[in-house]
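Note: the block below is data32.pdb and it holds PDB, N, CA and C atoms, pLDDT in the B column.
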ATOM      1  N   MET A   1      10.896  25.206  -6.338  1.00 70.00           N
ATOM      2  CA  MET A   1      10.370  24.751  -5.066  1.00 70.00           C
ATOM      3  C   MET A   1      11.348  23.756  -4.456  1.00 70.00           C
ATOM      4  N   PRO A   2      11.641  23.884  -3.177  1.00 74.00           N
ATOM      5  CA  PRO A   2      12.580  22.977  -2.520  1.00 74.00           C
ATOM      6  C   PRO A   2      12.021  21.553  -2.446  1.00 74.00           C
ATOM      7  N   PHE A   3      12.908  20.602  -2.567  1.00 85.00           N
ATOM      8  CA  PHE A   3      12.572  19.194  -2.416  1.00 85.00           C
ATOM      9  C   PHE A   3      12.933  18.788  -0.992  1.00 85.00           C
ATOM     10  N   VAL A   4      11.990  18.200  -0.261  1.00 87.00           N
ATOM     11  CA  VAL A   4      12.229  17.758   1.110  1.00 87.00           C
ATOM     12  C   VAL A   4      12.019  16.254   1.161  1.00 87.00           C
ATOM     13  N   ALA A   5      12.943  15.549   1.811  1.00 87.00           N
ATOM     14  CA  ALA A   5      12.858  14.099   1.913  1.00 87.00           C
ATOM     15  C   ALA A   5      13.300  13.662   3.306  1.00 87.00           C
ATOM     16  N   VAL A   6      13.024  12.414   3.589  1.00 84.00           N
ATOM     17  CA  VAL A   6      13.453  11.808   4.847  1.00 84.00           C
ATOM     18  C   VAL A   6      14.569  10.828   4.537  1.00 84.00           C
ATOM     19  N   GLU A   7      15.626  10.905   5.312  1.00 86.00           N
ATOM     20  CA  GLU A   7      16.735   9.956   5.180  1.00 86.00           C
ATOM     21  C   GLU A   7      16.871   9.188   6.484  1.00 86.00           C
ATOM     22  N   PHE A   8      17.241   7.924   6.364  1.00 84.00           N
ATOM     23  CA  PHE A   8      17.451   7.075   7.531  1.00 84.00           C
ATOM     24  C   PHE A   8      18.934   6.810   7.681  1.00 84.00           C
ATOM     25  N   ALA A   9      19.484   7.120   8.837  1.00 81.00           N
ATOM     26  CA  ALA A   9      20.887   6.851   9.140  1.00 81.00           C
ATOM     27  C   ALA A   9      20.940   5.558   9.951  1.00 81.00           C
ATOM     28  N   ALA A  10      21.277   4.467   9.296  1.00 82.00           N
ATOM     29  CA  ALA A  10      21.263   3.155   9.943  1.00 82.00           C
ATOM     30  C   ALA A  10      22.256   3.076  11.103  1.00 82.00           C
ATOM     31  N   ALA A  11      23.396   3.716  10.979  1.00 84.00           N
ATOM     32  CA  ALA A  11      24.420   3.645  12.019  1.00 84.00           C
ATOM     33  C   ALA A  11      23.927   4.212  13.348  1.00 84.00           C
ATOM     34  N   SER A  12      23.118   5.266  13.282  1.00 80.00           N
ATOM     35  CA  SER A  12      22.632   5.891  14.513  1.00 80.00           C
ATOM     36  C   SER A  12      21.136   5.667  14.731  1.00 80.00           C
ATOM     37  N   ASP A  13      20.487   4.950  13.808  1.00 77.00           N
ATOM     38  CA  ASP A  13      19.053   4.657  13.900  1.00 77.00           C
ATOM     39  C   ASP A  13      18.238   5.948  13.966  1.00 77.00           C
ATOM     40  N   ASP A  14      18.643   6.947  13.182  1.00 79.00           N
ATOM     41  CA  ASP A  14      17.969   8.241  13.188  1.00 79.00           C
ATOM     42  C   ASP A  14      17.285   8.507  11.858  1.00 79.00           C
ATOM     43  N   LEU A  15      16.195   9.244  11.927  1.00 78.00           N
ATOM     44  CA  LEU A  15      15.536   9.777  10.743  1.00 78.00           C
ATOM     45  C   LEU A  15      15.866  11.258  10.666  1.00 78.00           C
ATOM     46  N   CYS A  16      16.207  11.722   9.474  1.00 84.00           N
ATOM     47  CA  CYS A  16      16.563  13.126   9.286  1.00 84.00           C
ATOM     48  C   CYS A  16      15.783  13.693   8.111  1.00 84.00           C
ATOM     49  N   LEU A  17      15.336  14.914   8.240  1.00 85.00           N
ATOM     50  CA  LEU A  17      14.737  15.627   7.126  1.00 85.00           C
ATOM     51  C   LEU A  17      15.853  16.369   6.391  1.00 85.00           C
ATOM     52  N   VAL A  18      15.852  16.252   5.079  1.00 86.00           N
ATOM     53  CA  VAL A  18      16.842  16.958   4.269  1.00 86.00           C
ATOM     54  C   VAL A  18      16.110  17.778   3.219  1.00 86.00           C
ATOM     55  N   ALA A  19      16.676  18.910   2.880  1.00 88.00           N
ATOM     56  CA  ALA A  19      16.080  19.783   1.868  1.00 88.00           C
ATOM     57  C   ALA A  19      17.096  20.028   0.769  1.00 88.00           C
ATOM     58  N   ASP A  20      16.599  20.049  -0.438  1.00 88.00           N
ATOM     59  CA  ASP A  20      17.442  20.302  -1.597  1.00 88.00           C
ATOM     60  C   ASP A  20      16.763  21.379  -2.428  1.00 88.00           C
ATOM     61  N   ILE A  21      17.504  22.405  -2.742  1.00 85.00           N
ATOM     62  CA  ILE A  21      16.950  23.481  -3.562  1.00 85.00           C
ATOM     63  C   ILE A  21      17.937  23.779  -4.682  1.00 85.00           C
ATOM     64  N   PRO A  22      17.478  23.675  -5.915  1.00 84.00           N
ATOM     65  CA  PRO A  22      18.395  23.919  -7.030  1.00 84.00           C
ATOM     66  C   PRO A  22      18.718  25.409  -7.181  1.00 84.00           C
ATOM     67  N   ILE A  23      20.003  25.697  -7.249  1.00 84.00           N
ATOM     68  CA  ILE A  23      20.455  27.075  -7.472  1.00 84.00           C
ATOM     69  C   ILE A  23      21.510  27.015  -8.574  1.00 84.00           C
ATOM     70  N   GLU A  24      21.226  27.662  -9.665  1.00 83.00           N
ATOM     71  CA  GLU A  24      22.159  27.674 -10.789  1.00 83.00           C
ATOM     72  C   GLU A  24      22.550  29.116 -11.097  1.00 83.00           C
ATOM     73  N   ASP A  25      23.816  29.329 -11.229  1.00 86.00           N
ATOM     74  CA  ASP A  25      24.330  30.643 -11.635  1.00 86.00           C
ATOM     75  C   ASP A  25      23.810  31.782 -10.757  1.00 86.00           C
ATOM     76  N   GLY A  26      23.823  31.590  -9.459  1.00 88.00           N
ATOM     77  CA  GLY A  26      23.360  32.650  -8.576  1.00 88.00           C
ATOM     78  C   GLY A  26      23.585  32.265  -7.127  1.00 88.00           C
ATOM     79  N   SER A  27      22.832  32.890  -6.270  1.00 91.00           N
ATOM     80  CA  SER A  27      22.946  32.587  -4.849  1.00 91.00           C
ATOM     81  C   SER A  27      21.549  32.422  -4.262  1.00 91.00           C
ATOM     82  N   LEU A  28      21.487  31.859  -3.088  1.00 88.00           N
ATOM     83  CA  LEU A  28      20.237  31.636  -2.385  1.00 88.00           C
ATOM     84  C   LEU A  28      19.627  32.968  -1.973  1.00 88.00           C
ATOM     85  N   THR A  29      18.374  33.167  -2.321  1.00 89.00           N
ATOM     86  CA  THR A  29      17.693  34.407  -1.930  1.00 89.00           C
ATOM     87  C   THR A  29      16.940  34.179  -0.627  1.00 89.00           C
ATOM     88  N   SER A  30      16.565  35.252   0.022  1.00 92.00           N
ATOM     89  CA  SER A  30      15.811  35.127   1.265  1.00 92.00           C
ATOM     90  C   SER A  30      14.456  34.471   1.008  1.00 92.00           C
ATOM     91  N   GLN A  31      13.861  34.719  -0.140  1.00 90.00           N
ATOM     92  CA  GLN A  31      12.580  34.104  -0.480  1.00 90.00           C
ATOM     93  C   GLN A  31      12.736  32.583  -0.654  1.00 90.00           C
ATOM     94  N   GLN A  32      13.821  32.151  -1.284  1.00 88.00           N
ATOM     95  CA  GLN A  32      14.076  30.719  -1.439  1.00 88.00           C
ATOM     96  C   GLN A  32      14.340  30.061  -0.087  1.00 88.00           C
ATOM     97  N   LEU A  33      15.090  30.738   0.768  1.00 90.00           N
ATOM     98  CA  LEU A  33      15.375  30.210   2.097  1.00 90.00           C
ATOM     99  C   LEU A  33      14.092  30.061   2.909  1.00 90.00           C
ATOM    100  N   MET A  34      13.232  31.050   2.869  1.00 91.00           N
ATOM    101  CA  MET A  34      11.975  30.979   3.611  1.00 91.00           C
ATOM    102  C   MET A  34      11.076  29.869   3.060  1.00 91.00           C
ATOM    103  N   ALA A  35      11.063  29.681   1.745  1.00 89.00           N
ATOM    104  CA  ALA A  35      10.274  28.597   1.151  1.00 89.00           C
ATOM    105  C   ALA A  35      10.807  27.246   1.614  1.00 89.00           C
ATOM    106  N   MET A  36      12.129  27.105   1.666  1.00 89.00           N
ATOM    107  CA  MET A  36      12.738  25.859   2.113  1.00 89.00           C
ATOM    108  C   MET A  36      12.396  25.593   3.578  1.00 89.00           C
ATOM    109  N   LEU A  37      12.486  26.597   4.414  1.00 91.00           N
ATOM    110  CA  LEU A  37      12.159  26.424   5.830  1.00 91.00           C
ATOM    111  C   LEU A  37      10.683  26.072   6.025  1.00 91.00           C
ATOM    112  N   ALA A  38       9.816  26.699   5.262  1.00 91.00           N
ATOM    113  CA  ALA A  38       8.385  26.392   5.356  1.00 91.00           C
ATOM    114  C   ALA A  38       8.125  24.949   4.960  1.00 91.00           C
ATOM    115  N   ARG A  39       8.783  24.472   3.898  1.00 90.00           N
ATOM    116  CA  ARG A  39       8.619  23.078   3.470  1.00 90.00           C
ATOM    117  C   ARG A  39       9.160  22.121   4.525  1.00 90.00           C
ATOM    118  N   LEU A  40      10.274  22.463   5.154  1.00 90.00           N
ATOM    119  CA  LEU A  40      10.819  21.608   6.216  1.00 90.00           C
ATOM    120  C   LEU A  40       9.866  21.520   7.399  1.00 90.00           C
ATOM    121  N   VAL A  41       9.291  22.635   7.791  1.00 91.00           N
ATOM    122  CA  VAL A  41       8.338  22.638   8.906  1.00 91.00           C
ATOM    123  C   VAL A  41       7.116  21.798   8.556  1.00 91.00           C
ATOM    124  N   ASP A  42       6.577  21.978   7.351  1.00 90.00           N
ATOM    125  CA  ASP A  42       5.426  21.186   6.919  1.00 90.00           C
ATOM    126  C   ASP A  42       5.750  19.694   6.936  1.00 90.00           C
ATOM    127  N   ALA A  43       6.911  19.331   6.418  1.00 88.00           N
ATOM    128  CA  ALA A  43       7.315  17.925   6.382  1.00 88.00           C
ATOM    129  C   ALA A  43       7.504  17.377   7.794  1.00 88.00           C
ATOM    130  N   ALA A  44       8.103  18.168   8.675  1.00 86.00           N
ATOM    131  CA  ALA A  44       8.314  17.727  10.058  1.00 86.00           C
ATOM    132  C   ALA A  44       6.981  17.472  10.751  1.00 86.00           C
ATOM    133  N   GLU A  45       6.016  18.331  10.527  1.00 87.00           N
ATOM    134  CA  GLU A  45       4.700  18.138  11.134  1.00 87.00           C
ATOM    135  C   GLU A  45       4.038  16.868  10.608  1.00 87.00           C
ATOM    136  N   GLU A  46       4.101  16.629   9.307  1.00 85.00           N
ATOM    137  CA  GLU A  46       3.501  15.429   8.715  1.00 85.00           C
ATOM    138  C   GLU A  46       4.195  14.167   9.209  1.00 85.00           C
ATOM    139  N   TRP A  47       5.507  14.169   9.186  1.00 81.00           N
ATOM    140  CA  TRP A  47       6.248  12.968   9.580  1.00 81.00           C
ATOM    141  C   TRP A  47       6.151  12.697  11.074  1.00 81.00           C
ATOM    142  N   THR A  48       6.047  13.732  11.892  1.00 79.00           N
ATOM    143  CA  THR A  48       5.907  13.532  13.334  1.00 79.00           C
ATOM    144  C   THR A  48       4.606  12.804  13.635  1.00 79.00           C
ATOM    145  N   VAL A  49       3.538  13.182  12.961  1.00 77.00           N
ATOM    146  CA  VAL A  49       2.260  12.498  13.152  1.00 77.00           C
ATOM    147  C   VAL A  49       2.368  11.062  12.666  1.00 77.00           C
ATOM    148  N   ALA A  50       2.960  10.862  11.491  1.00 74.00           N
ATOM    149  CA  ALA A  50       3.044   9.533  10.895  1.00 74.00           C
ATOM    150  C   ALA A  50       3.957   8.598  11.673  1.00 74.00           C
ATOM    151  N   LEU A  51       5.011   9.151  12.258  1.00 74.00           N
ATOM    152  CA  LEU A  51       6.014   8.313  12.911  1.00 74.00           C
ATOM    153  C   LEU A  51       6.151   8.606  14.402  1.00 74.00           C
ATOM    154  N   GLY A  52       5.144   9.201  15.000  1.00 72.00           N
ATOM    155  CA  GLY A  52       5.235   9.642  16.385  1.00 72.00           C
ATOM    156  C   GLY A  52       5.698   8.570  17.358  1.00 72.00           C
ATOM    157  N   SER A  53       5.094   7.406  17.320  1.00 68.00           N
ATOM    158  CA  SER A  53       5.480   6.368  18.285  1.00 68.00           C
ATOM    159  C   SER A  53       6.895   5.878  18.013  1.00 68.00           C
ATOM    160  N   ARG A  54       7.284   5.799  16.757  1.00 68.00           N
ATOM    161  CA  ARG A  54       8.639   5.368  16.392  1.00 68.00           C
ATOM    162  C   ARG A  54       9.665   6.360  16.910  1.00 68.00           C
ATOM    163  N   LEU A  55       9.372   7.638  16.790  1.00 65.00           N
ATOM    164  CA  LEU A  55      10.291   8.672  17.260  1.00 65.00           C
ATOM    165  C   LEU A  55      10.418   8.636  18.787  1.00 65.00           C
ATOM    166  N   ARG A  56       9.306   8.429  19.475  1.00 70.00           N
ATOM    167  CA  ARG A  56       9.356   8.368  20.940  1.00 70.00           C
ATOM    168  C   ARG A  56      10.159   7.159  21.414  1.00 70.00           C
ATOM    169  N   ARG A  57       9.984   6.017  20.761  1.00 73.00           N
ATOM    170  CA  ARG A  57      10.755   4.824  21.146  1.00 73.00           C
ATOM    171  C   ARG A  57      12.242   5.048  20.926  1.00 73.00           C
ATOM    172  N   GLY A  58      12.605   5.664  19.804  1.00 69.00           N
ATOM    173  CA  GLY A  58      14.015   5.929  19.523  1.00 69.00           C
ATOM    174  C   GLY A  58      14.623   6.897  20.530  1.00 69.00           C
ATOM    175  N   ALA A  59      13.878   7.919  20.913  1.00 71.00           N
ATOM    176  CA  ALA A  59      14.386   8.887  21.891  1.00 71.00           C
ATOM    177  C   ALA A  59      14.573   8.214  23.248  1.00 71.00           C
ATOM    178  N   ALA A  60      13.638   7.357  23.629  1.00 73.00           N
ATOM    179  CA  ALA A  60      13.762   6.659  24.907  1.00 73.00           C
ATOM    180  C   ALA A  60      14.951   5.734  24.920  1.00 73.00           C
ATOM    181  N   ARG A  61      15.200   5.077  23.805  1.00 75.00           N
ATOM    182  CA  ARG A  61      16.352   4.181  23.706  1.00 75.00           C
ATOM    183  C   ARG A  61      17.663   4.949  23.808  1.00 75.00           C
ATOM    184  N   ARG A  62      17.735   6.117  23.158  1.00 75.00           N
ATOM    185  CA  ARG A  62      18.977   6.904  23.217  1.00 75.00           C
ATOM    186  C   ARG A  62      19.208   7.468  24.613  1.00 75.00           C
ATOM    187  N   ALA A  63      18.121   7.788  25.329  1.00 76.00           N
ATOM    188  CA  ALA A  63      18.255   8.350  26.677  1.00 76.00           C
ATOM    189  C   ALA A  63      18.701   7.308  27.693  1.00 76.00           C
ATOM    190  N   ALA A  64      18.428   6.057  27.399  1.00 69.00           N
ATOM    191  CA  ALA A  64      18.761   4.982  28.354  1.00 69.00           C
ATOM    192  C   ALA A  64      20.244   4.649  28.346  1.00 69.00           C
TER
END
For the file at hand, write its structure as structure tokens.
Amino acid sequence: MPFVAVEFAAASDDLCLVADIPIEDGSLTSQQLMAMLARLVDAAEEWTVALGSRLRRGAARRAA
């Protein structure tokens, strides 16, 4: 199962979702890729709700 986390880039004041999927002695399969994308979407939905006002303030600051 892919591991999804949030990273903070202090230099740009950005939050980024990152995914890590262990692959040993092989290559990424379409099923693994789809699982990773599904986990990223789920995480994005959760974090958007949790950090919605923070994200809007950051976007407004970058637009200014």
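The space separating atom N of Ala43 in chain A from atom C of Asp20 in chain A comes to 13.4 Å.
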Using DSSP on the backbone coordinates, identify all residues within chain A classified as alpha helix (DSSP H); present the result as JSON, numbers by chain. {"A": [30, 31, 32, 33, 34, 35, 36, 37, 38, 39, 40, 41, 42, 43, 44, 45, 46, 47, 48, 49, 50, 51, 52, 53, 54, 55, 56, 57, 58, 59, 60, 61, 62, 63]}
Show me, as number ranges by chain, the residues that have an atom within 8 Å of Arg39 in chain A when counting only N, CA and C atoms, minus same-chain residues fewer than 6 positions from it. A: 2-4, 19, 33, 45
Convert the current residue selection to file output with N, CA and C atoms, as a PDB file, in the frame of the given file.
ATOM      1  N   PRO A   2      11.641  23.884  -3.177  1.00 74.00           N
ATOM      2  CA  PRO A   2      12.580  22.977  -2.520  1.00 74.00           C
ATOM      3  C   PRO A   2      12.021  21.553  -2.446  1.00 74.00           C
ATOM      4  N   PHE A   3      12.908  20.602  -2.567  1.00 85.00           N
ATOM      5  CA  PHE A   3      12.572  19.194  -2.416  1.00 85.00           C
ATOM      6  C   PHE A   3      12.933  18.788  -0.992  1.00 85.00           C
ATOM      7  N   VAL A   4      11.990  18.200  -0.261  1.00 87.00           N
ATOM      8  CA  VAL A   4      12.229  17.758   1.110  1.00 87.00           C
ATOM      9  C   VAL A   4      12.019  16.254   1.161  1.00 87.00           C
ATOM     10  N   ALA A  19      16.676  18.910   2.880  1.00 88.00           N
ATOM     11  CA  ALA A  19      16.080  19.783   1.868  1.00 88.00           C
ATOM     12  C   ALA A  19      17.096  20.028   0.769  1.00 88.00           C
ATOM     13  N   LEU A  33      15.090  30.738   0.768  1.00 90.00           N
ATOM     14  CA  LEU A  33      15.375  30.210   2.097  1.00 90.00           C
ATOM     15  C   LEU A  33      14.092  30.061   2.909  1.00 90.00           C
ATOM     16  N   GLU A  45       6.016  18.331  10.527  1.00 87.00           N
ATOM     17  CA  GLU A  45       4.700  18.138  11.134  1.00 87.00           C
ATOM     18  C   GLU A  45       4.038  16.868  10.608  1.00 87.00           C
TER      19      GLU A  45
END
What's the 6 Å shell around Leu17 in chain A, counting all atoms listed in the file, without same-chain residues fewer than 2 positions away, as a list in words?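 With the cut-off at 6 Å, the set is Ala5, Val6, Glu7, Leu15 and Ala19 of chain A.
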Could you check how far atom C of Val49 in chain A sits from CA of Phe8 in chain A, in Å to one decimal?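 Between atom C of Val49 in chain A and CA of Phe8 in chain A the gap works out to 16.4 Å.
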Interatomic distance between CA of Arg56 in chain A and CA of Asp14 in chain A? 11.6 Å
Give me the box for range 14-21 of chain A as JSON, namely the centre and edge lengths in Å to one decimal of a box along x, y and z that holds every listed atom plus 6 Å on each side.
{"center_x": 16.7, "center_y": 15.4, "center_z": 4.3, "size_x": 15.9, "size_y": 28.8, "size_z": 29.9}
